[in-house]
>>> print(open('upload.pdb').read())   # PDB, C-alpha atoms
ATOM      1  CA  GLU P 272     100.297 250.170 267.905
ATOM      2  CA  ASP P 273      99.095 253.431 266.320
ATOM      3  CA  VAL P 274      95.682 252.949 267.919
ATOM      4  CA  ARG P 275      97.326 252.213 271.265
ATOM      5  CA  ASP P 276      99.455 255.372 270.996
ATOM      6  CA  SER P 277      96.355 257.502 270.301
ATOM      7  CA  TYR P 278      94.611 255.854 273.243
ATOM      8  CA  ASP P 279      97.528 256.649 275.560
ATOM      9  CA  LYS P 280      97.498 260.326 274.553
ATOM     10  CA  ALA P 281      93.739 260.608 275.071
ATOM     11  CA  ARG P 282      94.019 258.893 278.460
ATOM     12  CA  ASP P 283      96.811 261.236 279.586
ATOM     13  CA  ALA P 284      94.835 264.294 278.506
ATOM     14  CA  LYS P 285      91.754 263.092 280.400
ATOM     15  CA  LYS P 286      93.721 262.133 283.535
ATOM     16  CA  TYR P 287      96.004 265.166 283.905
ATOM     17  CA  GLY P 288      94.184 267.884 281.968
ATOM     18  CA  LYS P 289      96.122 271.020 281.144
ATOM     19  CA  ASN P 290      98.666 270.473 283.936
ATOM     20  CA  SER P 291      99.836 267.139 282.518
ATOM     21  CA  PRO P 292     103.366 266.080 283.504
ATOM     22  CA  MET P 293     103.734 264.941 279.912
ATOM     23  CA  ASN P 294     104.510 268.588 279.176
ATOM     24  CA  ASP P 295     107.847 268.022 280.901
ATOM     25  CA  PRO P 296     110.242 266.760 278.174
ATOM     26  CA  GLN P 297     112.251 264.503 280.532
ATOM     27  CA  PHE P 298     109.130 262.905 282.017
ATOM     28  CA  ALA P 299     107.607 262.438 278.566
ATOM     29  CA  GLU P 300     110.832 260.803 277.314
ATOM     30  CA  SER P 301     110.935 258.327 280.221
ATOM     31  CA  VAL P 302     107.279 257.398 279.660
ATOM     32  CA  ALA P 303     107.954 256.930 275.936
ATOM     33  CA  ARG P 304     110.871 254.585 276.697
ATOM     34  CA  ARG P 305     108.732 252.463 279.037
ATOM     35  CA  ARG P 306     105.933 252.267 276.518
ATOM     36  CA  GLU P 307     108.349 251.314 273.729
ATOM     37  CA  GLN P 308     109.768 248.533 275.874
ATOM     38  CA  ALA P 309     106.256 247.317 276.658
ATOM     39  CA  ARG P 310     105.451 247.364 272.927
ATOM     40  CA  ARG P 311     108.530 245.241 272.167
ATOM     41  CA  ASP P 312     107.578 242.740 274.880
ATOM     42  CA  ARG P 313     104.084 242.425 273.457
ATOM     43  CA  GLU P 314     105.442 241.931 269.949
ATOM     44  CA  MET P 315     107.858 239.247 271.176
ATOM     45  CA  ARG P 316     105.060 237.377 272.952
ATOM     46  CA  MET P 317     102.877 237.581 269.857
ATOM     47  CA  ASN P 318     105.608 236.202 267.580
ATOM     48  CA  THR P 319     107.014 233.585 269.957
ATOM     49  CA  LYS P 320     105.463 230.170 270.375
ATOM     50  CA  GLU P 321     105.633 227.751 273.262
ATOM     51  CA  GLU P 322     108.029 224.796 273.035
ATOM     52  CA  ARG P 323     106.956 222.417 270.292
ATOM     53  CA  ILE P 324     105.860 218.800 270.667
ATOM     54  CA  GLU P 325     107.597 216.177 268.522
ATOM     55  CA  VAL P 326     105.820 212.986 267.440
ATOM     56  CA  ILE P 327     107.531 210.142 265.552
ATOM     57  CA  VAL P 328     105.470 208.705 262.672
ATOM     58  CA  VAL P 329     106.835 205.388 261.367
ATOM     59  CA  VAL P 330     106.025 204.636 257.707
ATOM     60  CA  THR P 331     107.240 202.286 255.002
ATOM     61  CA  LEU P 332     108.523 203.246 251.577
ATOM     62  CA  GLY P 333     105.338 201.798 250.100
ATOM     63  CA  ASP P 334     103.260 204.077 252.358
ATOM     64  CA  LEU P 335     105.163 207.109 251.120
ATOM     65  CA  HIS P 336     104.824 206.007 247.490
ATOM     66  CA  SER P 337     101.045 205.632 247.539
ATOM     67  CA  GLY P 338     100.204 208.062 250.348
ATOM     68  CA  CYS P 339      98.651 206.993 253.647
ATOM     69  CA  VAL P 340      96.714 208.064 256.731
ATOM     70  CA  LYS P 341      98.247 207.580 260.190
ATOM     71  CA  GLU P 342      96.763 208.090 263.649
ATOM     72  CA  ILE P 343      99.030 209.859 266.145
ATOM     73  CA  GLN P 344      98.765 210.462 269.896
ATOM     74  CA  TYR P 345     100.458 213.047 272.083
ATOM     75  CA  GLN P 346      99.990 214.821 275.402
ATOM     76  CA  LYS P 347      99.517 218.578 275.560
ATOM     77  CA  ARG P 348      99.242 221.123 278.376
ATOM     78  CA  TYR P 349      96.323 223.508 278.867
ATOM     79  CA  PHE P 350      94.972 225.817 281.610
ATOM     80  CA  GLU P 351      91.609 225.634 283.323
ATOM     81  CA  LYS P 352      90.000 228.288 285.522
ATOM     82  CA  ASN P 353      87.311 227.746 288.128
ATOM     83  CA  GLU P 354      86.184 229.258 291.424
ATOM     84  CA  SER P 355      89.282 227.908 293.207
ATOM     85  CA  GLY P 356      91.724 229.464 290.776
ATOM     86  CA  GLU P 357      93.696 228.540 287.665
ATOM     87  CA  PHE P 358      95.132 225.049 287.230
ATOM     88  CA  THR P 359      97.523 223.427 284.773
ATOM     89  CA  LYS P 360      96.226 220.210 283.253
ATOM     90  CA  TYR P 361      97.263 217.714 280.592
ATOM     91  CA  GLU P 362      95.181 215.805 278.102
ATOM     92  CA  GLN P 363      95.812 212.979 275.638
ATOM     93  CA  VAL P 364      95.104 214.051 272.063
ATOM     94  CA  LYS P 365      94.454 211.837 269.038
ATOM     95  CA  LYS P 366      94.854 213.180 265.526
ATOM     96  CA  VAL P 367      94.529 211.673 262.040
ATOM     97  CA  LEU P 368      97.524 212.620 259.912
ATOM     98  CA  GLU P 369      97.409 212.522 256.116
ATOM     99  CA  ILE P 370     100.739 211.892 254.382
ATOM    100  CA  LYS P 371     100.799 212.805 250.699
ATOM    101  CA  LYS P 372     102.235 210.633 247.947
ATOM    102  CA  GLY P 373     106.015 210.846 247.689
ATOM    103  CA  TRP P 374     106.490 212.780 250.940
ATOM    104  CA  ASN P 375     110.146 213.339 251.836
ATOM    105  CA  PRO P 376     110.966 212.186 255.414
ATOM    106  CA  SER P 377     113.317 215.153 255.865
ATOM    107  CA  ASP P 378     110.296 217.501 255.793
ATOM    108  CA  PRO P 379     108.272 217.414 259.042
ATOM    109  CA  LEU P 380     104.496 217.690 259.051
ATOM    110  CA  VAL P 381     103.450 220.615 261.271
ATOM    111  CA  LEU P 382     100.132 220.887 263.120
ATOM    112  CA  ASP P 383      99.915 224.634 263.712
ATOM    113  CA  SER P 384      98.907 225.775 267.231
ATOM    114  CA  GLU P 385      97.902 222.254 268.317
ATOM    115  CA  GLY P 386     100.507 221.897 271.082
ATOM    116  CA  HIS P 387     101.113 223.253 274.605
ATOM    117  CA  GLN P 388      99.292 226.347 275.775
ATOM    118  CA  SER P 389     101.222 229.158 277.457
ATOM    119  CA  LYS P 390     100.411 232.147 279.665
ATOM    120  CA  GLU P 391     103.027 234.343 278.019
ATOM    121  CA  TYR P 392     103.480 233.058 274.478
ATOM    122  CA  GLN P 393     101.399 231.718 271.616
ATOM    123  CA  THR P 394     100.206 228.101 271.643
ATOM    124  CA  GLY P 395     102.948 225.790 270.412
ATOM    125  CA  ASP P 396     103.008 223.564 267.320
ATOM    126  CA  VAL P 397     103.156 219.809 266.928
ATOM    127  CA  TYR P 398     105.973 218.533 264.685
ATOM    128  CA  CYS P 399     105.314 215.113 263.169
ATOM    129  CA  LEU P 400     108.692 213.636 262.219
ATOM    130  CA  VAL P 401     108.298 211.052 259.462
ATOM    131  CA  GLN P 402     110.597 208.072 260.037
ATOM    132  CA  GLU P 403     110.989 205.828 257.015
ATOM    133  CA  GLN P 404     111.661 202.136 257.587
ATOM    134  CA  GLU P 405     114.380 200.506 255.534
ATOM    135  CA  HIS P 406     113.073 198.793 252.411
ATOM    136  CA  GLU P 407     114.426 195.389 251.400
ATOM    137  CA  HIS P 408     114.814 196.334 247.720
ATOM    138  CA  PHE P 409     115.026 200.111 247.301
ATOM    139  CA  GLU P 410     116.494 203.183 248.925
ATOM    140  CA  ARG P 411     115.794 206.886 248.393
ATOM    141  CA  ARG P 412     118.072 208.790 246.014
ATOM    142  CA  GLY P 413     117.127 212.434 246.312
ATOM    143  CA  THR P 414     113.561 213.701 246.329
ATOM    144  CA  LYS P 415     111.968 211.563 243.602
ATOM    145  CA  ASP P 416     114.482 208.927 242.529
ATOM    146  CA  LEU P 417     115.036 205.446 243.916
ATOM    147  CA  ALA P 418     118.060 203.178 243.720
ATOM    148  CA  LEU P 419     118.072 199.404 243.648
ATOM    149  CA  LYS P 420     120.196 198.009 246.460
ATOM    150  CA  ASP P 421     123.623 196.767 245.468
ATOM    151  CA  HIS P 422     123.023 193.098 246.234
ATOM    152  CA  LEU P 423     120.048 193.089 243.818
ATOM    153  CA  CYS P 424     121.811 194.825 240.929
ATOM    154  CA  PRO P 425     122.849 192.683 237.927
ATOM    155  CA  LYS P 426     126.144 190.839 238.373
ATOM    156  CA  TYR P 427     128.589 190.528 235.522
ATOM    157  CA  ASP P 428     129.501 186.988 234.465
ATOM    158  CA  GLU P 429     132.451 186.187 232.257
ATOM    159  CA  GLY P 430     131.468 186.584 228.610
ATOM    160  CA  ASP P 431     128.237 188.541 229.197
ATOM    161  CA  ILE P 432     127.306 191.267 226.745
ATOM    162  CA  LEU P 433     123.625 191.797 227.588
ATOM    163  CA  LYS P 434     121.532 190.880 230.585
ATOM    164  CA  LEU P 435     117.789 190.979 231.147
ATOM    165  CA  VAL P 436     116.908 192.486 234.554
ATOM    166  CA  SER P 437     113.395 192.196 236.030
ATOM    167  CA  VAL P 438     112.399 194.506 238.890
ATOM    168  CA  GLU P 439     109.120 194.570 240.775
ATOM    169  CA  THR P 440     108.307 198.232 241.412
ATOM    170  CA  LEU P 441     106.520 199.716 244.418
ATOM    171  CA  GLU P 442     103.309 199.667 242.388
ATOM    172  CA  GLY P 443     103.539 195.856 242.195
ATOM    173  CA  VAL P 444     104.292 195.885 238.451
ATOM    174  CA  THR P 445     107.249 193.947 237.051
ATOM    175  CA  ARG P 446     109.432 196.047 234.754
ATOM    176  CA  ASN P 447     112.107 194.597 232.493
ATOM    177  CA  ILE P 448     115.216 196.305 231.175
ATOM    178  CA  ILE P 449     118.090 195.115 228.999
ATOM    179  CA  VAL P 450     121.458 196.028 230.520
ATOM    180  CA  SER P 451     124.380 196.335 228.098
ATOM    181  CA  TYR P 452     127.947 195.697 229.291
ATOM    182  CA  VAL P 453     129.462 196.829 225.966
ATOM    183  CA  PRO P 454     130.442 200.416 226.990
ATOM    184  CA  LEU P 455     132.154 199.200 230.162
ATOM    185  CA  LEU P 456     133.900 196.345 228.372
ATOM    186  CA  LEU P 457     135.265 198.671 225.706
ATOM    187  CA  SER P 458     136.483 201.157 228.338
ATOM    188  CA  GLY P 459     138.295 198.555 230.429
ATOM    189  CA  GLY P 460     135.750 198.044 233.213
ATOM    190  CA  GLY P 461     134.204 200.229 235.879
ATOM    191  CA  GLU P 462     130.667 201.008 236.905
ATOM    192  CA  THR P 463     127.763 203.092 235.660
ATOM    193  CA  MET P 464     124.144 203.771 236.539
ATOM    194  CA  VAL P 465     121.258 202.585 234.364
ATOM    195  CA  LYS P 466     117.900 204.332 234.541
ATOM    196  CA  MET P 467     114.430 202.799 234.549
ATOM    197  CA  ALA P 468     112.227 205.771 233.721
ATOM    198  CA  SER P 469     109.136 206.658 235.782
ATOM    199  CA  CYS P 470     109.638 203.906 238.385
ATOM    200  CA  GLY P 471     110.466 206.197 241.294
ATOM    201  CA  MET P 472     108.527 208.366 243.731
ATOM    202  CA  PRO P 473     105.980 211.082 242.927
ATOM    203  CA  ASP P 474     106.630 214.647 244.002
ATOM    204  CA  PRO P 475     103.973 215.848 246.497
ATOM    205  CA  LYS P 476     104.709 219.507 245.720
ATOM    206  CA  ALA P 477     104.574 219.151 241.924
ATOM    207  CA  PRO P 478     101.477 219.395 239.674
ATOM    208  CA  PHE P 479      99.439 216.237 239.104
ATOM    209  CA  PHE P 480     100.805 215.843 235.563
ATOM    210  CA  ASP P 481     104.427 215.821 236.733
ATOM    211  CA  PRO P 482     105.942 212.361 236.039
ATOM    212  CA  PRO P 483     107.357 210.311 238.929
ATOM    213  CA  GLY P 484     111.062 209.888 239.486
ATOM    214  CA  ASP P 485     113.326 207.196 238.093
ATOM    215  CA  LEU P 486     114.768 203.951 239.396
ATOM    216  CA  TRP P 487     118.541 203.568 239.083
ATOM    217  CA  LEU P 488     120.519 200.324 238.835
ATOM    218  CA  LYS P 489     124.246 200.026 239.331
ATOM    219  CA  VAL P 490     126.056 198.092 236.605
ATOM    220  CA  ASN P 491     129.597 197.008 237.378
ATOM    221  CA  VAL P 492     132.315 195.303 235.352
ATOM    222  CA  PRO P 493     135.639 194.452 237.055
ATOM    223  CA  VAL P 494     138.431 196.792 236.030
ATOM    224  CA  GLY P 495     140.740 195.182 233.470
ATOM    225  CA  LYS P 496     137.963 193.303 231.658
ATOM    226  CA  VAL P 497     138.579 194.588 228.127
ATOM    227  CA  SER P 498     136.574 193.235 225.206
ATOM    228  CA  LYS P 499     138.820 191.654 222.555
ATOM    229  CA  PHE P 500     137.756 190.377 219.169
ATOM    230  CA  GLU P 501     139.721 187.158 218.745
ATOM    231  CA  LEU P 502     138.574 185.180 215.746
ATOM    232  CA  ALA P 503     140.012 181.770 216.672
ATOM    233  CA  ARG P 504     138.587 181.587 220.187
ATOM    234  CA  ASP P 505     135.147 182.814 219.177
ATOM    235  CA  PHE P 506     135.111 180.505 216.159
ATOM    236  CA  LEU P 507     135.858 177.403 218.233
ATOM    237  CA  CYS P 508     133.433 178.115 221.070
ATOM    238  CA  PRO P 509     131.249 181.147 220.443
ATOM    239  CA  ARG P 510     128.652 182.544 222.815
ATOM    240  CA  LYS P 511     125.027 181.812 221.955
ATOM    241  CA  VAL P 512     124.123 185.297 220.692
ATOM    242  CA  TYR P 513     126.483 188.146 219.832
ATOM    243  CA  MET P 514     125.464 191.728 219.164
ATOM    244  CA  VAL P 515     127.250 194.250 216.966
ATOM    245  CA  GLY P 516     125.944 197.831 216.872
ATOM    246  CA  ASN P 517     125.966 201.121 218.729
ATOM    247  CA  GLU P 518     124.209 202.342 221.859
ATOM    248  CA  ARG P 519     121.313 203.816 219.896
ATOM    249  CA  SER P 520     120.362 200.393 218.562
ATOM    250  CA  ARG P 521     120.913 198.333 221.711
ATOM    251  CA  VAL P 522     117.202 198.090 222.607
ATOM    252  CA  GLN P 523     116.303 196.863 219.146
ATOM    253  CA  SER P 524     119.265 194.507 219.228
ATOM    254  CA  ALA P 525     118.242 193.107 222.589
ATOM    255  CA  PHE P 526     114.704 192.317 221.473
ATOM    256  CA  THR P 527     116.058 190.769 218.291
ATOM    257  CA  ALA P 528     118.327 188.560 220.380
ATOM    258  CA  LEU P 529     115.439 187.503 222.606
ATOM    259  CA  ARG P 530     113.366 186.648 219.527
ATOM    260  CA  VAL P 531     116.212 184.567 218.050
ATOM    261  CA  CYS P 532     116.772 182.739 221.352
ATOM    262  CA  GLY P 533     113.065 181.956 221.574
ATOM    263  CA  ASP P 534     112.588 180.786 217.986
ATOM    264  CA  TYR P 535     115.812 178.757 217.751
ATOM    265  CA  ALA P 536     116.158 177.535 221.340
ATOM    266  CA  LYS P 537     116.604 173.868 220.344
ATOM    267  CA  THR P 538     119.167 174.700 217.674
ATOM    268  CA  LEU P 539     121.242 176.829 220.040
ATOM    269  CA  GLU P 540     121.161 174.192 222.783
ATOM    270  CA  ALA P 541     122.086 171.365 220.423
ATOM    271  CA  SER P 542     125.760 172.281 220.215
ATOM    272  CA  LYS P 543     128.130 174.556 222.087
ATOM    273  CA  LYS P 544     129.737 175.575 218.798
ATOM    274  CA  VAL P 545     126.511 176.986 217.350
ATOM    275  CA  GLY P 546     126.004 180.722 217.725
ATOM    276  CA  VAL P 547     124.170 183.646 216.167
ATOM    277  CA  CYS P 548     125.667 187.028 215.326
ATOM    278  CA  ILE P 549     123.254 189.931 214.713
ATOM    279  CA  CYS P 550     124.365 193.227 213.194
ATOM    280  CA  LEU P 551     121.977 196.195 213.158
ATOM    281  CA  ALA P 552     124.489 198.926 212.318
ATOM    282  CA  ASP P 553     124.731 200.512 208.879
ATOM    283  CA  ARG P 554     128.527 200.392 209.001
ATOM    284  CA  THR P 555     130.727 198.109 211.056
ATOM    285  CA  THR P 556     134.245 198.688 212.267
ATOM    286  CA  ARG P 557     137.197 196.492 211.372
ATOM    287  CA  GLY P 558     137.058 194.877 214.806
ATOM    288  CA  ALA P 559     133.366 194.091 214.366
ATOM    289  CA  ASP P 560     134.020 192.580 210.940
ATOM    290  CA  THR P 561     136.739 190.361 212.388
ATOM    291  CA  PHE P 562     134.456 189.377 215.222
ATOM    292  CA  MET P 563     131.681 188.417 212.771
TER     293      MET P 563
END
>>> encode(input="upload.pdb", output="structure tokens")
Amino acid sequence: EDVRDSYDKARDAKKYGKNSPMNDPQFAESVARRREQARRDREMRMNTKEERIEVIVVVTLGDLHSGCVKEIQYQKRYFEKNESGEFTKYEQVKKVLEIKKGWNPSDPLVLDSEGHQSKEYQTGDVYCLVQEQEHEHFERRGTKDLALKDHLCPKYDEGDILKLVSVETLEGVTRNIIVSYVPLLLSGGGETMVKMASCGMPDPKAPFFDPPGDLWLKVNVPVGKVSKFELARDFLCPRKVYMVGNERSRVQSAFTALRVCGDYAKTLEASKKVGVCICLADRTTRGADTFM
């Protein structure tokens, strides 16, 4: 704009010479207003783009997890000049779209200045709207985390303390986790979320060493189910394996229980009154002692 202003002054001086009407303050002010308005119009046209084109790109959750390449098609407008004049034409465009690992469907992919041409404004953009198909096992939980659908989460059965849950991740690897019902039983029921670390989605905007998100499972115990240590009932017909300890030792306790069940499977199946009680805590409470 500074160059244009200098050009206008030089042009006026060359056109009018010494008797330039620009010497009249009122005339000069009116010319300045018109030029300022023209400058604003030019700036608006430079910063305004033509109406965008929207393209729907359908992907699966697995595609977003591993990254994929999709081919898109759209129709854009352009102008062509020849001896007969200027004509408006349309053409079918094919583009190859790369979707990064872990891409969030709420963020559109923008092809800058690849859309409709315009006589007044800048060439428009193409917005590729990522549409994620519903997955049969998982659903998105924020940017990186996944959640296992409710009908696949572990169900509480009467008398359960621990449960082994196996989940096949999006990478095709089966991950196992031991779910403990003890905190919910001691608090009178309810629900909580259990985390399987690094089984979620990667973050496309994070560094390569950033770990993926987590997979969350909903654990539910009906309200009113309170754990009671009753010696007589447990003595007559105990469960197969009982655990006594705190939350810090539950993983070790779970693997110990699995080892006992594997090594003494025949003994445990021989009689309903045979059971094993494992204690990994340094100190036990009075209720735990009664239970044992």
>>> atom_distance(input="upload.pdb", atom1="CA of Arg411 (chain P)", atom2="CA of Leu332 (chain P)")
8.7 Å
>>> atom_distance(input="upload.pdb", atom1="CA of Val490 (chain P)", atom2="CA of Lys426 (chain P)")
7.5 Å
>>> atom_distance(input="upload.pdb", atom1="CA of Cys399 (chain P)", atom2="CA of Glu342 (chain P)")
11.1 Å
>>> axis_aligned_box(input="upload.pdb", around="region 311-329 of chain P", padding_each_side="6 Å", output="JSON")
{"center_x": 105.7, "center_y": 225.3, "center_z": 268.1, "size_x": 17.7, "size_y": 51.9, "size_z": 25.5}
>>> resolve_selection(input="upload.pdb", expression="the PyMOL selection byres ((chain P and resi 335) around 9)", output="list in words")
Val330, Thr331, Leu332, Gly333, Asp334, His336, Ser337, Gly338, Cys339, Ile370, Lys371, Lys372, Gly373, Trp374, Asn375, Pro376, Glu403 and Met472 of chain P
>>> residues_around(input="upload.pdb", residues="Val444 (chain P)", least_positions_apart="6", cutoff="12 Å", atoms="only C-alpha atoms", output="list in words")
Ser437, Val438 and Cys470 of chain P
>>> write_last_selection(input="upload.pdb", atoms="C-alpha atoms", output="short mmCIF file (atom, residue, chain, number, x, y, z; two decimals), in the frame of the given file")
data_model
loop_
_atom_site.label_atom_id
_atom_site.label_comp_id
_atom_site.auth_asym_id
_atom_site.auth_seq_id
_atom_site.Cartn_x
_atom_site.Cartn_y
_atom_site.Cartn_z
CA SER P 437 113.40 192.20 236.03
CA VAL P 438 112.40 194.51 238.89
CA CYS P 470 109.64 203.91 238.38
#
>>> resolve_selection(input="upload.pdb", expression="the PyMOL selection byres ((chain P and resi 393) around 12)", output="MDAnalysis selection string")
chainID P and resid 313:323 383:392 394:396
>>> resolve_selection(input="upload.pdb", expression="the PyMOL selection byres ((chain P and resi 344) around 7)", output="list in words")
Glu342, Ile343, Tyr345, Gln363, Val364, Lys365 and Lys366 of chain P
>>> residues_around(input="upload.pdb", residues="His408 (chain P)", least_positions_apart="3", cutoff="10 Å", atoms="all atoms listed in the file", output="list of chain:residue names")
P:Glu405, P:Leu417, P:Ala418, P:Leu419, P:Lys420, P:Asp421, P:His422, P:Leu423, P:Cys424, P:Val438, P:Glu439, P:Thr440, P:Leu441
>>> write_last_selection(input="upload.pdb", atoms="C-alpha atoms", output="PDB file, in the frame of the given file")
ATOM      1  CA  GLU P 405     114.380 200.506 255.534  1.00  0.00           C
ATOM      2  CA  LEU P 417     115.036 205.446 243.916  1.00  0.00           C
ATOM      3  CA  ALA P 418     118.060 203.178 243.720  1.00  0.00           C
ATOM      4  CA  LEU P 419     118.072 199.404 243.648  1.00  0.00           C
ATOM      5  CA  LYS P 420     120.196 198.009 246.460  1.00  0.00           C
ATOM      6  CA  ASP P 421     123.623 196.767 245.468  1.00  0.00           C
ATOM      7  CA  HIS P 422     123.023 193.098 246.234  1.00  0.00           C
ATOM      8  CA  LEU P 423     120.048 193.089 243.818  1.00  0.00           C
ATOM      9  CA  CYS P 424     121.811 194.825 240.929  1.00  0.00           C
ATOM     10  CA  VAL P 438     112.399 194.506 238.890  1.00  0.00           C
ATOM     11  CA  GLU P 439     109.120 194.570 240.775  1.00  0.00           C
ATOM     12  CA  THR P 440     108.307 198.232 241.412  1.00  0.00           C
ATOM     13  CA  LEU P 441     106.520 199.716 244.418  1.00  0.00           C
TER      14      LEU P 441
END
>>> build_atoms(input="upload.pdb", residues="region 276-287 of chain P", atoms="N, CA, C and O atoms", output="PDB file, in the frame of the given file")
ATOM      1  N   ASP P 276      98.803 254.089 270.731  1.00  0.00           N
ATOM      2  CA  ASP P 276      99.455 255.372 270.996  1.00  0.00           C
ATOM      3  C   ASP P 276      98.416 256.493 271.104  1.00  0.00           C
ATOM      4  O   ASP P 276      98.508 257.350 271.995  1.00  0.00           O
ATOM      5  N   SER P 277      97.431 256.483 270.226  1.00  0.00           N
ATOM      6  CA  SER P 277      96.355 257.502 270.301  1.00  0.00           C
ATOM      7  C   SER P 277      95.558 257.354 271.593  1.00  0.00           C
ATOM      8  O   SER P 277      95.173 258.354 272.227  1.00  0.00           O
ATOM      9  N   TYR P 278      95.335 256.103 271.991  1.00  0.00           N
ATOM     10  CA  TYR P 278      94.611 255.854 273.243  1.00  0.00           C
ATOM     11  C   TYR P 278      95.395 256.376 274.446  1.00  0.00           C
ATOM     12  O   TYR P 278      94.827 256.975 275.371  1.00  0.00           O
ATOM     13  N   ASP P 279      96.704 256.160 274.445  1.00  0.00           N
ATOM     14  CA  ASP P 279      97.528 256.649 275.560  1.00  0.00           C
ATOM     15  C   ASP P 279      97.490 258.168 275.653  1.00  0.00           C
ATOM     16  O   ASP P 279      97.410 258.747 276.758  1.00  0.00           O
ATOM     17  N   LYS P 280      97.539 258.857 274.524  1.00  0.00           N
ATOM     18  CA  LYS P 280      97.498 260.326 274.553  1.00  0.00           C
ATOM     19  C   LYS P 280      96.144 260.829 275.062  1.00  0.00           C
ATOM     20  O   LYS P 280      96.078 261.776 275.853  1.00  0.00           O
ATOM     21  N   ALA P 281      95.072 260.195 274.602  1.00  0.00           N
ATOM     22  CA  ALA P 281      93.739 260.608 275.071  1.00  0.00           C
ATOM     23  C   ALA P 281      93.571 260.328 276.551  1.00  0.00           C
ATOM     24  O   ALA P 281      92.969 261.132 277.301  1.00  0.00           O
ATOM     25  N   ARG P 282      94.117 259.218 277.032  1.00  0.00           N
ATOM     26  CA  ARG P 282      94.019 258.893 278.460  1.00  0.00           C
ATOM     27  C   ARG P 282      94.806 259.891 279.296  1.00  0.00           C
ATOM     28  O   ARG P 282      94.341 260.332 280.370  1.00  0.00           O
ATOM     29  N   ASP P 283      96.000 260.268 278.846  1.00  0.00           N
ATOM     30  CA  ASP P 283      96.811 261.236 279.586  1.00  0.00           C
ATOM     31  C   ASP P 283      96.113 262.591 279.649  1.00  0.00           C
ATOM     32  O   ASP P 283      96.122 263.270 280.702  1.00  0.00           O
ATOM     33  N   ALA P 284      95.514 262.996 278.527  1.00  0.00           N
ATOM     34  CA  ALA P 284      94.835 264.294 278.506  1.00  0.00           C
ATOM     35  C   ALA P 284      93.633 264.297 279.446  1.00  0.00           C
ATOM     36  O   ALA P 284      93.350 265.292 280.134  1.00  0.00           O
ATOM     37  N   LYS P 285      92.917 263.175 279.510  1.00  0.00           N
ATOM     38  CA  LYS P 285      91.754 263.092 280.400  1.00  0.00           C
ATOM     39  C   LYS P 285      92.170 263.003 281.861  1.00  0.00           C
ATOM     40  O   LYS P 285      91.501 263.548 282.754  1.00  0.00           O
ATOM     41  N   LYS P 286      93.285 262.348 282.149  1.00  0.00           N
ATOM     42  CA  LYS P 286      93.721 262.133 283.535  1.00  0.00           C
ATOM     43  C   LYS P 286      94.365 263.381 284.123  1.00  0.00           C
ATOM     44  O   LYS P 286      94.087 263.762 285.274  1.00  0.00           O
ATOM     45  N   TYR P 287      95.233 264.057 283.350  1.00  0.00           N
ATOM     46  CA  TYR P 287      96.004 265.166 283.905  1.00  0.00           C
ATOM     47  C   TYR P 287      95.451 266.533 283.489  1.00  0.00           C
ATOM     48  O   TYR P 287      95.727 267.550 284.133  1.00  0.00           O
TER      49      TYR P 287
END
